[in-house]
Protein chains: 2
Amino acid sequence: MFERLLNPRSIAVVGASRNPEKIGNVVIRNLIKSGYKGKIYPVNPKCDEIFGHKCYPDVKSIPDEIDLAVIVLPAKFVLPVLKDCVDKGIRFVIPIAGGFGETGEEGKKAEEEMRKMIQGKITRIIGPNTVGIYIPRYGVNTALTAPEKTDFPPDGDIAFISQSGALGLLTMDEMSKFSVGFGAFINLGNRVDLNENELMEFFAEDENIKSIVMYIETFANAREFVEKAREISKKKPIIVLKAGRTSSGAKAAASHTGALASNDRIVDGALKQCGAIRAYDEEEMIDYARALAYQKPLFGDNIAIVTTAGGVGVVTADYVEEFGLKVAELSEETKKKIKEEILPFASANNPIDMTASASDDHYDSVLEVLNEDEGVDGIIVYALFQTPLITERVVDVIEKWAKKKPTVVGVIGGSKVEKYIREFEKRKIPVYPSIIRCVKSMVALRKRGKYLENRM
Amino acid sequence: MFERLLNPRSIAVVGASRNPEKIGNVVIRNLIKSGYKGKIYPVNPKCDEIFGHKCYPDVKSIPDEIDLAVIVLPAKFVLPVLKDCVDKGIRFVIPIAGGFGETGEEGKKAEEEMRKMIQGKITRIIGPNTVGIYIPRYGVNTALTAPEKTDFPPDGDIAFISQSGALGLLTMDEMSKFSVGFGAFINLGNRVDLNENELMEFFAEDENIKSIVMYIETFANAREFVEKAREISKKKPIIVLKAGRTSSGAKAAASHTGALASNDRIVDGALKQCGAIRAYDEEEMIDYARALAYQKPLFGDNIAIVTTAGGVGVVTADYVEEFGLKVAELSEETKKKIKEEILPFASANNPIDMTASASDDHYDSVLEVLNEDEGVDGIIVYALFQTPLITERVVDVIEKWAKKKPTVVGVIGGSKVEKYIREFEKRKIPVYPSIIRCVKSMVALRKRGKYLENRM
């Protein structure tokens with residue numbers, strides 16, 4: 001259905017420009033930089049070529065089938081170009097410009113015309129008022145932020161559907177630092193046509209996608225969302241950041257995307273009912289999407305905590321209890337093994353404080369014992385690379401055990417530990433740079449576990 | 001009182017080693033790397049010199065006055081060395097080794113002997129079971145984590161007193177990434193002598209220190225803490241991460257530092273009463289310490305939000321309301337100015353969404369108007385460097401206005417924005433890489449404002 005959107009054989013950029021400060025130039029640079037392999041057709045009546053690609057005066061003159069047209073022209077020029085695209089049978093059109101429904105009655109009328117224009121036609125619209133899409137696997141990148149100013153993440157397991165463009169780009173920029181992968185990013189914008197429900201349904205069937213995360217200020221069709229999400233979340237985790245949940249937020253959303261205020265209790269209940277995990281900000285959203293994409297759900301409340309820094313264990317234990325999980329009571333056998341065989345120098349209680357004398361092998365033995373203990377449902381393990389005996393091999397060690405019981409990893413530190421965070425991430429082990437993010441992500445795994453338990 | 005601890009003219013390292021894997025080597029390397037300018041006296045009967053410093057067989061043989069002795073020997077060797085240090089009149093002694101009170105009765109006895117040994121003498125003890133101290137200004141760094149594995153932060157306004165060593169080092173390592181400065185870090189360890197109360201009192205008078213932050217699992221003397229903190233917090237902000245606040249956390253703390261469980265409601269009430277701002281994890285603790293060190297308290301609930309990403313404004317508004325602040329109602333004059341003169345293309349409501357078309361000058365004009373509007377008490381401004389027209393000059397612009405109304409800055413993104421975060425930090429403007437950290441730090445400024453209002 002959306003294969004040609006994610007993997008278009010040809011892209012026309014209408015309003016392409018030779019001026020590096022113009023969006024019509026940035027979009028082409030982003031396509032090139034992201035490694036797009038299909039054909040690029042710049043459209044601009046005043047140019048011959050841009051970055052070596054022959055320019056055309058309008059889309060109709062392009063002597064090729066076009067799968068995707070990106071319109072970077074200002075709002076007032078969009079309708080006639082869209083008409084050309086529809087006439088040419090272009091499959092997907094992304095009008096970038098704002099200045100439509102979000103600005104008032106006139107803009108709403110223009111959106112109505114857009115809808116009419118594609119009625120009964122093959123053309124589908126993403127937007128307007130959108131930064132478009134980013135599909136790392138196929139190098140499709142229509143973002144209006146310049147590649148000199150933003151990092152774009154690698155390919156990965158997460159489909160990210162966002163009503164807000166900038167928030168989406170910023171969040172992916174941040175997550176790029178740790179090599180977090182995205183299978184697709186789609187900015188819905190004003191949703192004259194394509195909405196989150198259709199996309200969610202599509203990604204539910206996409207084998208490359210392991211979790212679907214959404215930033216939403218207002219649902220295109222809440223009832224339909226709940227119906228679809230209820231089915232999809234049986235197989236695939238859905239994470240929703242529904243913003244505008246307070247009266248202040250709702251007012252802000254109204255002037256941002258024209259969202260109507262919704263009763264947040266009803267939203268919350270509906271999301272719970274359909275198994276969507278709720279996030280409250282840009283970091284939680286992707287943190288949970290990663291945990292749920294990479295790990296099995298958590299079927300039980302009992303968490304073992306492994307640390308080499310006692311204080312980190314204490315703060316983790318506090319959060320684990322506060323957020324409704326339990327610090328696991330270890331079996332006598334486990335404690336005995338830890339105390340007598342593995343860590344005679346350290347604390348065998350949970351949190352297990354291996355102290356700064358811990359080696360990679362200590363991690364291996366402790367994680368083995370915890371995976372054998374039936375009283376332990378999930379594990380939060382801190383790999384703190386500042387201690388003397390720990391080496392990069394601990395990544396292999398943790399990877400081995402992280403595939404058994406649901407495990408999340410904490411790596412706290414500065415510039416010297418970032419490479420290890422990236423390494424865990426590349427191996428699809430959920431890893432977080434702070435205590436609270438570890439615990440909250442474990443809670444997300446538990447929420448999914450509970451939902452699935454109730455469905456069984 | 002503690003001048004010679006923070007700025008010792010000479011340091012003896014007892015148990016110094018030529019083996020780079022030994023703590024007795026790491027400590028000397030940390031001193032050298034941190035730029036310590038005083039005299040270093042390695043003590044080791046089996047060596048002639050270490051890193052060019054002449055070695056002595058024991059502290060008594062050192063032909064110089066010693067301000068600080070660091071004992072890196074295992075627990076069983078500590079007492080006789082301490083005796084030597086006391087006899088020599090060494091002012092401060094830091095026994096690094098664990099294996100004392102935290103391990104049981106025998107360890108407790110050894111600590112009792114340590115206390116007796118210094119009774120009526122000039123010698124004061126920090127620890128044992130400590131990573132010691134880090135004073136960037138004077139290059140004093142007794143940490144046992146190797147400089148290859150950890151970043152140490154630059155000099156700054158925050159005094160950080162921590163009962164946990166590893167948590168302290170990890171947190172400073174993380175904060176180094178953004179050049180967060182620390183005036184002093186002192187790891188209390190088992191506190192046979194020096195405790196948080198004396199240090200807090202000392203830092204209260206230290207003009208280099210603008211905020212005092214503590215990680216505490218159990219108070220050395222809670223009543224004394226409350227009495228002193230109540231006085232100090234009138235002049236200087238105190239931030240406390242009191243861990244072990246849940247029953248699980250308290251159990252963990254008991255095996256970490258031997259902390260006795262305390263009723264957290266009582267702790268919470270006492271902290272509120274004495275004006276200490278409570279933090280719940282390693283990031284909050286330093287985030288609040290920075291906000292409170294760099295900014296005036298917030299005397300009012302009304303927050304203006306300035307963003308170029310609509311979604312970021314919505315999520316911020318949600319948190320502002322959730323956390324008990326208010327999204328300011330802008331005056332008609334402010335709205336008119338914004339809408340007619342500054343941002344005809346954008347939303348003049350609060351949150352003010354300047355959109356991706358915003359320039360540095362737009363920031364300047366909007367911040368000016370908000371600083372004039374009496375309905376605005378504090379400002380959260382997002383400097384999102386991904387947008388096309390924003391340049392590094394926006395740091396100057398924001399700096400100018402951040403000195404008027406309490407302002408915190410949000411910079412969200414990846415590797416390309418880190419330099420801007422460091423730049424704000426260097427200029428002592430509180431800056432955070434996520435929405436929730438901006439809002440929570442503003443809440444910390446408000447808590448301090450409320451405390452001071454009630455004291456007036």
# chains A, B, ... in the order shown; residues from 1 in each chain; ligands from 1

call {"tool": "closest_atom_pairs", "arguments": {"of": "chain B", "to": "chain A", "cutoff": "7 Å", "atoms": "only C-alpha atoms", "output": "CSV"}}
result
residue,atom,partner,partner_atom,distance
B:Thr145,CA,A:Gln386,CA,6.1
B:Lys149,CA,A:Gln386,CA,5.1
B:Thr150,CA,A:Gln386,CA,5.8
B:Asp151,CA,A:Gly414,CA,6.6
B:Ser164,CA,A:Gly311,CA,5.6
B:Ala166,CA,A:Ala309,CA,5.2
B:Leu167,CA,A:Gly311,CA,5.6
B:Leu170,CA,A:Gly413,CA,5.3
B:Thr171,CA,A:Gly413,CA,6.6
B:Asp173,CA,A:Gly413,CA,4.9
B:Glu174,CA,A:Gly413,CA,4.0
B:Met175,CA,A:Gly414,CA,6.8
B:Ser176,CA,A:Gly414,CA,6.3
B:Lys177,CA,A:Gly414,CA,5.2
B:Ala243,CA,A:Val315,CA,5.8
B:Gly244,CA,A:Val314,CA,6.0
B:Arg245,CA,A:Asp318,CA,6.3
B:Thr246,CA,A:Asp318,CA,5.3
B:Ser248,CA,A:Ala317,CA,5.6
B:Gly249,CA,A:Asp318,CA,4.5
B:Ala252,CA,A:Val314,CA,5.2
B:Ala253,CA,A:Val314,CA,5.7
B:Ser255,CA,A:Ser347,CA,6.9
B:His256,CA,A:Gly310,CA,5.6
B:Asp281,CA,A:Val315,CA,6.5
B:Ala309,CA,A:Ala166,CA,5.2
B:Gly310,CA,A:His256,CA,5.6
B:Gly311,CA,A:Leu167,CA,5.5
B:Val312,CA,A:Leu167,CA,6.0
B:Gly313,CA,A:Ala252,CA,7.0
B:Val314,CA,A:Gly249,CA,5.0
B:Val315,CA,A:Ala243,CA,5.8
B:Ala317,CA,A:Gly249,CA,4.8
B:Asp318,CA,A:Gly249,CA,4.5
B:Glu321,CA,A:Ser248,CA,6.6
B:Val327,CA,A:Ser248,CA,6.4
B:Ser347,CA,A:Ser255,CA,6.9
B:Pro351,CA,A:Ala252,CA,6.2
B:Phe385,CA,A:Lys149,CA,6.9
B:Gln386,CA,A:Lys149,CA,5.1
B:Thr387,CA,A:Thr145,CA,6.1
B:Pro388,CA,A:Thr145,CA,6.7
B:Ile412,CA,A:Leu170,CA,6.1
B:Gly413,CA,A:Glu174,CA,4.0
B:Gly414,CA,A:Glu174,CA,4.0
B:Ser415,CA,A:Lys177,CA,5.9
B:Lys416,CA,A:Lys149,CA,6.4

call {"tool": "select_by_dssp", "arguments": {"residues": "range 252-379 of chain B", "states": "helix (DSSP H, G or I)", "output": "PyMOL selection string"}}
result
chain B and resi 252-257+264-273+282-294+310-322+332-342+360-372

call {"tool": "write_last_selection", "arguments": {"atoms": "C-alpha atoms", "output": "CSV table (one decimal), in the first residue's frame"}}
result
chain,number,residue,atom,x,y,z
B,252,ALA,CA,19.5,-1.2,49.5
B,253,ALA,CA,20.9,1.7,51.4
B,254,ALA,CA,21.4,-0.4,54.5
B,255,SER,CA,23.6,-2.8,52.7
B,256,HIS,CA,25.4,0.0,50.8
B,257,THR,CA,26.3,2.5,53.6
B,264,ASP,CA,10.4,9.4,54.3
B,265,ARG,CA,7.4,11.6,55.1
B,266,ILE,CA,9.3,13.0,58.0
B,267,VAL,CA,12.4,13.5,55.9
B,268,ASP,CA,10.4,15.2,53.2
B,269,GLY,CA,8.8,17.5,55.7
B,270,ALA,CA,12.1,18.4,57.3
B,271,LEU,CA,13.7,19.1,54.0
B,272,LYS,CA,10.8,21.4,53.0
B,273,GLN,CA,10.9,23.2,56.3
B,282,GLU,CA,21.5,11.9,39.7
B,283,GLU,CA,20.4,14.1,36.9
B,284,GLU,CA,17.8,16.1,38.8
B,285,MET,CA,20.3,16.7,41.5
B,286,ILE,CA,22.8,18.5,39.3
B,287,ASP,CA,20.1,20.0,37.0
B,288,TYR,CA,18.6,21.8,40.1
B,289,ALA,CA,22.1,22.7,41.4
B,290,ARG,CA,22.8,24.4,38.1
B,291,ALA,CA,19.5,26.3,37.9
B,292,LEU,CA,19.8,27.5,41.5
B,293,ALA,CA,23.4,28.4,41.2
B,294,TYR,CA,23.0,30.4,37.9
B,310,GLY,CA,5.2,23.7,18.0
B,311,GLY,CA,5.1,20.2,19.5
B,312,VAL,CA,7.9,21.1,21.9
B,313,GLY,CA,5.7,24.0,23.1
B,314,VAL,CA,2.7,21.7,23.6
B,315,VAL,CA,4.6,19.1,25.7
B,316,THR,CA,6.2,21.9,27.7
B,317,ALA,CA,2.8,23.4,28.4
B,318,ASP,CA,1.5,20.0,29.6
B,319,TYR,CA,4.4,19.6,32.0
B,320,VAL,CA,4.2,23.2,33.2
B,321,GLU,CA,0.6,22.7,34.3
B,322,GLU,CA,1.2,19.2,35.6
B,332,GLU,CA,-2.9,42.3,25.1
B,333,GLU,CA,0.0,44.6,24.5
B,334,THR,CA,2.5,41.8,24.4
B,335,LYS,CA,0.3,39.8,22.0
B,336,LYS,CA,-0.2,42.7,19.8
B,337,LYS,CA,3.5,43.5,19.6
B,338,ILE,CA,4.4,39.9,18.8
B,339,LYS,CA,1.7,39.5,16.2
B,340,GLU,CA,2.0,42.9,14.5
B,341,GLU,CA,5.6,43.7,14.8
B,342,ILE,CA,7.7,40.7,15.5
B,360,ASP,CA,18.2,35.4,16.1
B,361,ASP,CA,16.6,38.8,16.0
B,362,HIS,CA,13.2,37.3,16.5
B,363,TYR,CA,14.5,35.7,19.7
B,364,ASP,CA,15.8,39.1,20.8
B,365,SER,CA,12.5,40.9,20.2
B,366,VAL,CA,10.3,38.3,21.7
B,367,LEU,CA,12.5,38.0,24.8
B,368,GLU,CA,12.5,41.7,25.2
B,369,VAL,CA,8.7,41.9,25.1
B,370,LEU,CA,8.3,39.0,27.5
B,371,ASN,CA,10.7,40.6,29.9
B,372,GLU,CA,8.5,43.8,29.8

call {"tool": "atom_distance", "arguments": {"atom1": "CA of Tyr138 in chain A", "atom2": "CA of Ile11 in chain A"}}
result
12.1 Å

call {"tool": "atom_distance", "arguments": {"atom1": "CA of Met114 in chain A", "atom2": "CA of Gly38 in chain A"}}
result
27.1 Å

call {"tool": "atom_distance", "arguments": {"atom1": "CA of Asn141 in chain B", "atom2": "CA of Val395 in chain A"}}
result
29.4 Å

call {"tool": "select_by_dssp", "arguments": {"residues": "range 223-436 of chain B", "states": "strand (DSSP E or B)", "output": "tab-separated table (two decimals) with all heavy atoms, in the first residue's frame"}}
result
chain	number	residue	atom	x	y	z
B	238	ILE	N	20.32	24.86	48.74
B	238	ILE	CA	20.77	23.52	49.08
B	238	ILE	C	19.87	22.53	48.36
B	238	ILE	O	18.64	22.66	48.42
B	238	ILE	CB	20.68	23.27	50.60
B	238	ILE	CG1	21.57	24.26	51.35
B	238	ILE	CG2	21.04	21.83	50.96
B	238	ILE	CD1	21.33	24.26	52.86
B	239	ILE	N	20.48	21.56	47.68
B	239	ILE	CA	19.72	20.54	46.97
B	239	ILE	C	20.08	19.19	47.58
B	239	ILE	O	21.25	18.89	47.76
B	239	ILE	CB	20.07	20.52	45.47
B	239	ILE	CG1	19.76	21.88	44.84
B	239	ILE	CG2	19.32	19.42	44.74
B	239	ILE	CD1	20.94	22.83	44.83
B	240	VAL	N	19.08	18.38	47.89
B	240	VAL	CA	19.36	17.11	48.54
B	240	VAL	C	18.71	15.96	47.78
B	240	VAL	O	17.50	15.96	47.53
B	240	VAL	CB	18.84	17.11	50.00
B	240	VAL	CG1	19.05	15.74	50.64
B	240	VAL	CG2	19.55	18.18	50.82
B	241	LEU	N	19.54	14.99	47.38
B	241	LEU	CA	19.02	13.71	46.92
B	241	LEU	C	19.12	12.77	48.11
B	241	LEU	O	20.20	12.27	48.44
B	241	LEU	CB	19.83	13.19	45.73
B	241	LEU	CG	19.59	11.74	45.29
B	241	LEU	CD1	18.12	11.41	45.16
B	241	LEU	CD2	20.27	11.46	43.95
B	242	LYS	N	17.99	12.57	48.78
B	242	LYS	CA	17.96	11.65	49.92
B	242	LYS	C	17.46	10.31	49.39
B	242	LYS	O	16.26	10.15	49.11
B	242	LYS	CB	17.04	12.20	51.01
B	242	LYS	CG	16.61	11.21	52.08
B	242	LYS	CD	17.78	10.78	52.97
B	242	LYS	CE	17.32	9.80	54.05
B	242	LYS	NZ	16.93	8.48	53.48
B	277	ILE	N	15.90	21.91	48.52
B	277	ILE	CA	15.16	21.45	47.35
B	277	ILE	C	15.48	19.97	47.17
B	277	ILE	O	16.64	19.58	47.11
B	277	ILE	CB	15.60	22.21	46.08
B	277	ILE	CG1	15.56	23.73	46.29
B	277	ILE	CG2	14.76	21.77	44.88
B	277	ILE	CD1	14.21	24.34	46.39
B	278	ARG	N	14.46	19.16	47.06
B	278	ARG	CA	14.69	17.73	46.96
B	278	ARG	C	14.81	17.27	45.50
B	278	ARG	O	14.02	17.67	44.65
B	278	ARG	CB	13.54	16.99	47.64
B	278	ARG	CG	13.85	15.55	47.86
B	278	ARG	CD	12.97	14.93	48.92
B	278	ARG	NE	13.45	13.58	49.16
B	278	ARG	CZ	12.83	12.70	49.93
B	278	ARG	NH1	11.74	13.02	50.54
B	278	ARG	NH2	13.34	11.49	50.09
B	279	ALA	N	15.80	16.42	45.25
B	279	ALA	CA	15.97	15.80	43.94
B	279	ALA	C	15.80	14.31	44.12
B	279	ALA	O	15.99	13.78	45.22
B	279	ALA	CB	17.34	16.12	43.37
B	302	ASN	N	3.99	32.18	36.71
B	302	ASN	CA	3.61	32.34	35.31
B	302	ASN	C	4.79	32.25	34.35
B	302	ASN	O	5.68	33.10	34.36
B	302	ASN	CB	2.89	33.68	35.13
B	302	ASN	CG	1.67	33.75	36.02
B	302	ASN	OD1	0.74	32.97	35.86
B	302	ASN	ND2	1.72	34.64	37.00
B	303	ILE	N	4.75	31.22	33.53
B	303	ILE	CA	5.88	30.90	32.67
B	303	ILE	C	5.54	31.20	31.21
B	303	ILE	O	4.50	30.77	30.71
B	303	ILE	CB	6.23	29.40	32.79
B	303	ILE	CG1	6.44	29.00	34.26
B	303	ILE	CG2	7.45	29.05	31.95
B	303	ILE	CD1	7.53	29.76	34.96
B	304	ALA	N	6.44	31.91	30.55
B	304	ALA	CA	6.32	32.05	29.10
B	304	ALA	C	7.20	30.99	28.45
B	304	ALA	O	8.30	30.70	28.93
B	304	ALA	CB	6.76	33.45	28.66
B	305	ILE	N	6.71	30.43	27.37
B	305	ILE	CA	7.43	29.38	26.65
B	305	ILE	C	7.70	29.88	25.24
B	305	ILE	O	6.78	30.28	24.54
B	305	ILE	CB	6.59	28.08	26.60
B	305	ILE	CG1	6.23	27.62	28.02
B	305	ILE	CG2	7.32	27.00	25.83
B	305	ILE	CD1	5.05	26.66	28.06
B	306	VAL	N	8.97	29.88	24.85
B	306	VAL	CA	9.34	30.33	23.52
B	306	VAL	C	9.96	29.15	22.77
B	306	VAL	O	10.90	28.53	23.25
B	306	VAL	CB	10.37	31.48	23.58
B	306	VAL	CG1	10.72	31.97	22.18
B	306	VAL	CG2	9.84	32.63	24.44
B	307	THR	N	9.41	28.86	21.61
B	307	THR	CA	9.87	27.70	20.87
B	307	THR	C	9.82	27.98	19.37
B	307	THR	O	9.15	28.91	18.93
B	307	THR	CB	9.01	26.46	21.21
B	307	THR	OG1	9.46	25.34	20.44
B	307	THR	CG2	7.55	26.70	20.88
B	326	LYS	N	2.17	27.78	35.89
B	326	LYS	CA	1.12	28.21	34.97
B	326	LYS	C	1.72	28.68	33.65
B	326	LYS	O	2.76	29.34	33.64
B	326	LYS	CB	0.33	29.38	35.57
B	326	LYS	CG	-0.51	28.97	36.77
B	326	LYS	CD	-1.50	30.09	37.14
B	326	LYS	CE	-2.26	29.72	38.41
B	326	LYS	NZ	-1.85	30.56	39.56
B	327	VAL	N	1.03	28.37	32.56
B	327	VAL	CA	1.40	28.95	31.27
B	327	VAL	C	0.86	30.38	31.29
B	327	VAL	O	-0.35	30.59	31.34
B	327	VAL	CB	0.81	28.13	30.11
B	327	VAL	CG1	1.11	28.80	28.79
B	327	VAL	CG2	1.38	26.71	30.14
B	352	ILE	N	4.79	30.62	22.68
B	352	ILE	CA	5.03	31.39	21.48
B	352	ILE	C	5.82	30.53	20.49
B	352	ILE	O	6.99	30.25	20.70
B	352	ILE	CB	5.80	32.68	21.82
B	352	ILE	CG1	4.95	33.52	22.78
B	352	ILE	CG2	6.15	33.46	20.56
B	352	ILE	CD1	5.76	34.44	23.64
B	353	ASP	N	5.13	30.12	19.45
B	353	ASP	CA	5.76	29.27	18.44
B	353	ASP	C	6.27	30.17	17.32
B	353	ASP	O	5.50	30.61	16.46
B	353	ASP	CB	4.75	28.26	17.92
B	353	ASP	CG	5.34	27.35	16.86
B	353	ASP	OD1	6.56	27.46	16.59
B	353	ASP	OD2	4.58	26.54	16.29
B	378	GLY	N	8.72	33.88	34.65
B	378	GLY	CA	9.91	33.14	34.20
B	378	GLY	C	9.74	32.70	32.76
B	378	GLY	O	8.62	32.67	32.24
B	379	ILE	N	10.87	32.37	32.12
B	379	ILE	CA	10.83	32.05	30.70
B	379	ILE	C	11.58	30.74	30.41
B	379	ILE	O	12.70	30.55	30.87
B	379	ILE	CB	11.47	33.19	29.87
B	379	ILE	CG1	10.71	34.51	30.11
B	379	ILE	CG2	11.49	32.85	28.37
B	379	ILE	CD1	11.40	35.74	29.55
B	380	ILE	N	10.92	29.86	29.69
B	380	ILE	CA	11.60	28.67	29.15
B	380	ILE	C	11.76	28.93	27.66
B	380	ILE	O	10.76	29.07	26.93
B	380	ILE	CB	10.79	27.38	29.37
B	380	ILE	CG1	10.63	27.10	30.88
B	380	ILE	CG2	11.46	26.20	28.68
B	380	ILE	CD1	9.74	25.90	31.20
B	381	VAL	N	12.99	29.03	27.21
B	381	VAL	CA	13.21	29.32	25.79
B	381	VAL	C	14.01	28.18	25.15
B	381	VAL	O	15.04	27.76	25.66
B	381	VAL	CB	13.90	30.69	25.59
B	381	VAL	CG1	15.16	30.84	26.42
B	381	VAL	CG2	14.22	30.96	24.12
B	382	TYR	N	13.49	27.67	24.06
B	382	TYR	CA	14.17	26.59	23.34
B	382	TYR	C	15.00	27.19	22.21
B	382	TYR	O	14.48	27.91	21.36
B	382	TYR	CB	13.15	25.60	22.76
B	382	TYR	CG	12.48	24.80	23.86
B	382	TYR	CD1	11.24	25.19	24.36
B	382	TYR	CD2	13.10	23.69	24.42
B	382	TYR	CE1	10.65	24.48	25.40
B	382	TYR	CE2	12.52	22.99	25.45
B	382	TYR	CZ	11.29	23.39	25.93
B	382	TYR	OH	10.71	22.69	26.96
B	407	THR	N	15.33	32.48	33.62
B	407	THR	CA	15.20	31.86	32.30
B	407	THR	C	15.96	30.54	32.29
B	407	THR	O	17.07	30.46	32.81
B	407	THR	CB	15.79	32.80	31.23
B	407	THR	OG1	15.07	34.04	31.25
B	407	THR	CG2	15.73	32.20	29.84
B	408	VAL	N	15.36	29.51	31.74
B	408	VAL	CA	16.11	28.29	31.46
B	408	VAL	C	15.99	28.01	29.96
B	408	VAL	O	15.01	28.38	29.32
B	408	VAL	CB	15.65	27.07	32.29
B	408	VAL	CG1	15.66	27.36	33.77
B	408	VAL	CG2	14.31	26.56	31.85
B	409	VAL	N	17.03	27.36	29.44
B	409	VAL	CA	17.14	27.16	28.00
B	409	VAL	C	17.06	25.67	27.69
B	409	VAL	O	17.68	24.86	28.39
B	409	VAL	CB	18.47	27.74	27.48
B	409	VAL	CG1	18.59	27.53	25.97
B	409	VAL	CG2	18.58	29.21	27.83
B	410	GLY	N	16.31	25.34	26.67
B	410	GLY	CA	16.28	23.97	26.18
B	410	GLY	C	17.00	23.86	24.84
B	410	GLY	O	16.74	24.67	23.95
B	431	VAL	N	20.89	25.18	31.13
B	431	VAL	CA	20.51	24.64	29.81
B	431	VAL	C	20.29	23.14	29.96
B	431	VAL	O	21.04	22.47	30.66
B	431	VAL	CB	21.60	24.98	28.76
B	431	VAL	CG1	22.97	24.45	29.17
B	431	VAL	CG2	21.24	24.46	27.37
B	432	TYR	N	19.26	22.63	29.30
B	432	TYR	CA	18.89	21.23	29.43
B	432	TYR	C	18.57	20.62	28.08
B	432	TYR	O	18.03	21.30	27.22
B	432	TYR	CB	17.70	21.09	30.39
B	432	TYR	CG	18.00	21.74	31.72
B	432	TYR	CD1	17.57	23.03	32.00
B	432	TYR	CD2	18.79	21.09	32.65
B	432	TYR	CE1	17.90	23.65	33.20
B	432	TYR	CE2	19.13	21.70	33.86
B	432	TYR	CZ	18.68	22.98	34.12
B	432	TYR	OH	19.02	23.60	35.30

call {"tool": "residues_around", "arguments": {"residues": "Ile209 in chain B", "least_positions_apart": "6", "cutoff": "7 Å", "atoms": "only C-alpha atoms", "output": "ChimeraX atom specification"}}
result
/B:157-159,183,203

call {"tool": "write_last_selection", "arguments": {"atoms": "N, CA and C atoms", "output": "compact mmCIF listing (two decimals), in the first residue's frame"}}
result
# COMPACT_ATOMS: atom_id res chain seq x y z
N ASP B 157 30.55 26.45 40.04
CA ASP B 157 29.85 27.05 41.17
C ASP B 157 29.26 26.07 42.16
N ILE B 158 29.28 24.78 41.82
CA ILE B 158 28.53 23.80 42.63
C ILE B 158 29.44 23.06 43.59
N ALA B 159 29.06 23.01 44.87
CA ALA B 159 29.74 22.11 45.82
C ALA B 159 28.90 20.85 45.92
N GLY B 183 32.74 23.38 41.96
CA GLY B 183 33.73 24.02 42.81
C GLY B 183 34.43 23.01 43.72
N PHE B 203 30.89 25.51 53.01
CA PHE B 203 30.58 25.97 51.65
C PHE B 203 29.58 27.12 51.65

call {"tool": "residues_around", "arguments": {"residues": "range 65-69 of chain A", "least_positions_apart": "3", "cutoff": "7 Å", "atoms": "only C-alpha atoms", "output": "list in words"}}
result
Arg4, Leu5, Pro8, Arg9, Ser10, Ile11, Ala12, Val13, Ile90, Arg91, Phe92, Val93 and Ile94 of chain A

call {"tool": "closest_residue", "arguments": {"among": "A:Met117, A:Val131, A:Val443, A:Ile421", "to": "Phe323 in chain A", "atoms": "only C-alpha atoms"}}
result
A:Val443

call {"tool": "residues_around", "arguments": {"residues": "range 226-234 of chain A", "least_positions_apart": "3", "cutoff": "7 Å", "atoms": "only C-alpha atoms", "output": "list in words"}}
result
Ala204, Ala222, Arg223, Pro237, Ile238, Ala270, Cys274, Gly275, Ala276 and Leu452 of chain A

call {"tool": "decode", "arguments": {"residues": "range 73-90 of chain B", "atoms": "C-alpha atoms", "output": "PDB file, in the first residue's frame"}}
result
ATOM      1  CA  LEU B  73      46.347   0.807  51.251  1.00  0.00           C
ATOM      2  CA  PRO B  74      43.880  -1.986  52.098  1.00  0.00           C
ATOM      3  CA  ALA B  75      41.845  -1.646  55.291  1.00  0.00           C
ATOM      4  CA  LYS B  76      44.122  -3.753  57.486  1.00  0.00           C
ATOM      5  CA  PHE B  77      47.098  -1.416  56.930  1.00  0.00           C
ATOM      6  CA  VAL B  78      45.213   1.817  57.478  1.00  0.00           C
ATOM      7  CA  LEU B  79      45.313   2.231  61.282  1.00  0.00           C
ATOM      8  CA  PRO B  80      49.109   2.310  61.770  1.00  0.00           C
ATOM      9  CA  VAL B  81      49.500   4.728  58.852  1.00  0.00           C
ATOM     10  CA  LEU B  82      46.784   6.933  60.269  1.00  0.00           C
ATOM     11  CA  LYS B  83      48.672   6.927  63.574  1.00  0.00           C
ATOM     12  CA  ASP B  84      51.792   8.154  61.762  1.00  0.00           C
ATOM     13  CA  CYS B  85      49.751  10.882  60.065  1.00  0.00           C
ATOM     14  CA  VAL B  86      48.301  12.043  63.372  1.00  0.00           C
ATOM     15  CA  ASP B  87      51.742  12.039  64.988  1.00  0.00           C
ATOM     16  CA  LYS B  88      53.143  14.081  62.140  1.00  0.00           C
ATOM     17  CA  GLY B  89      50.328  16.598  62.514  1.00  0.00           C
ATOM     18  CA  ILE B  90      48.947  16.089  59.036  1.00  0.00           C
TER      19      ILE B  90
END
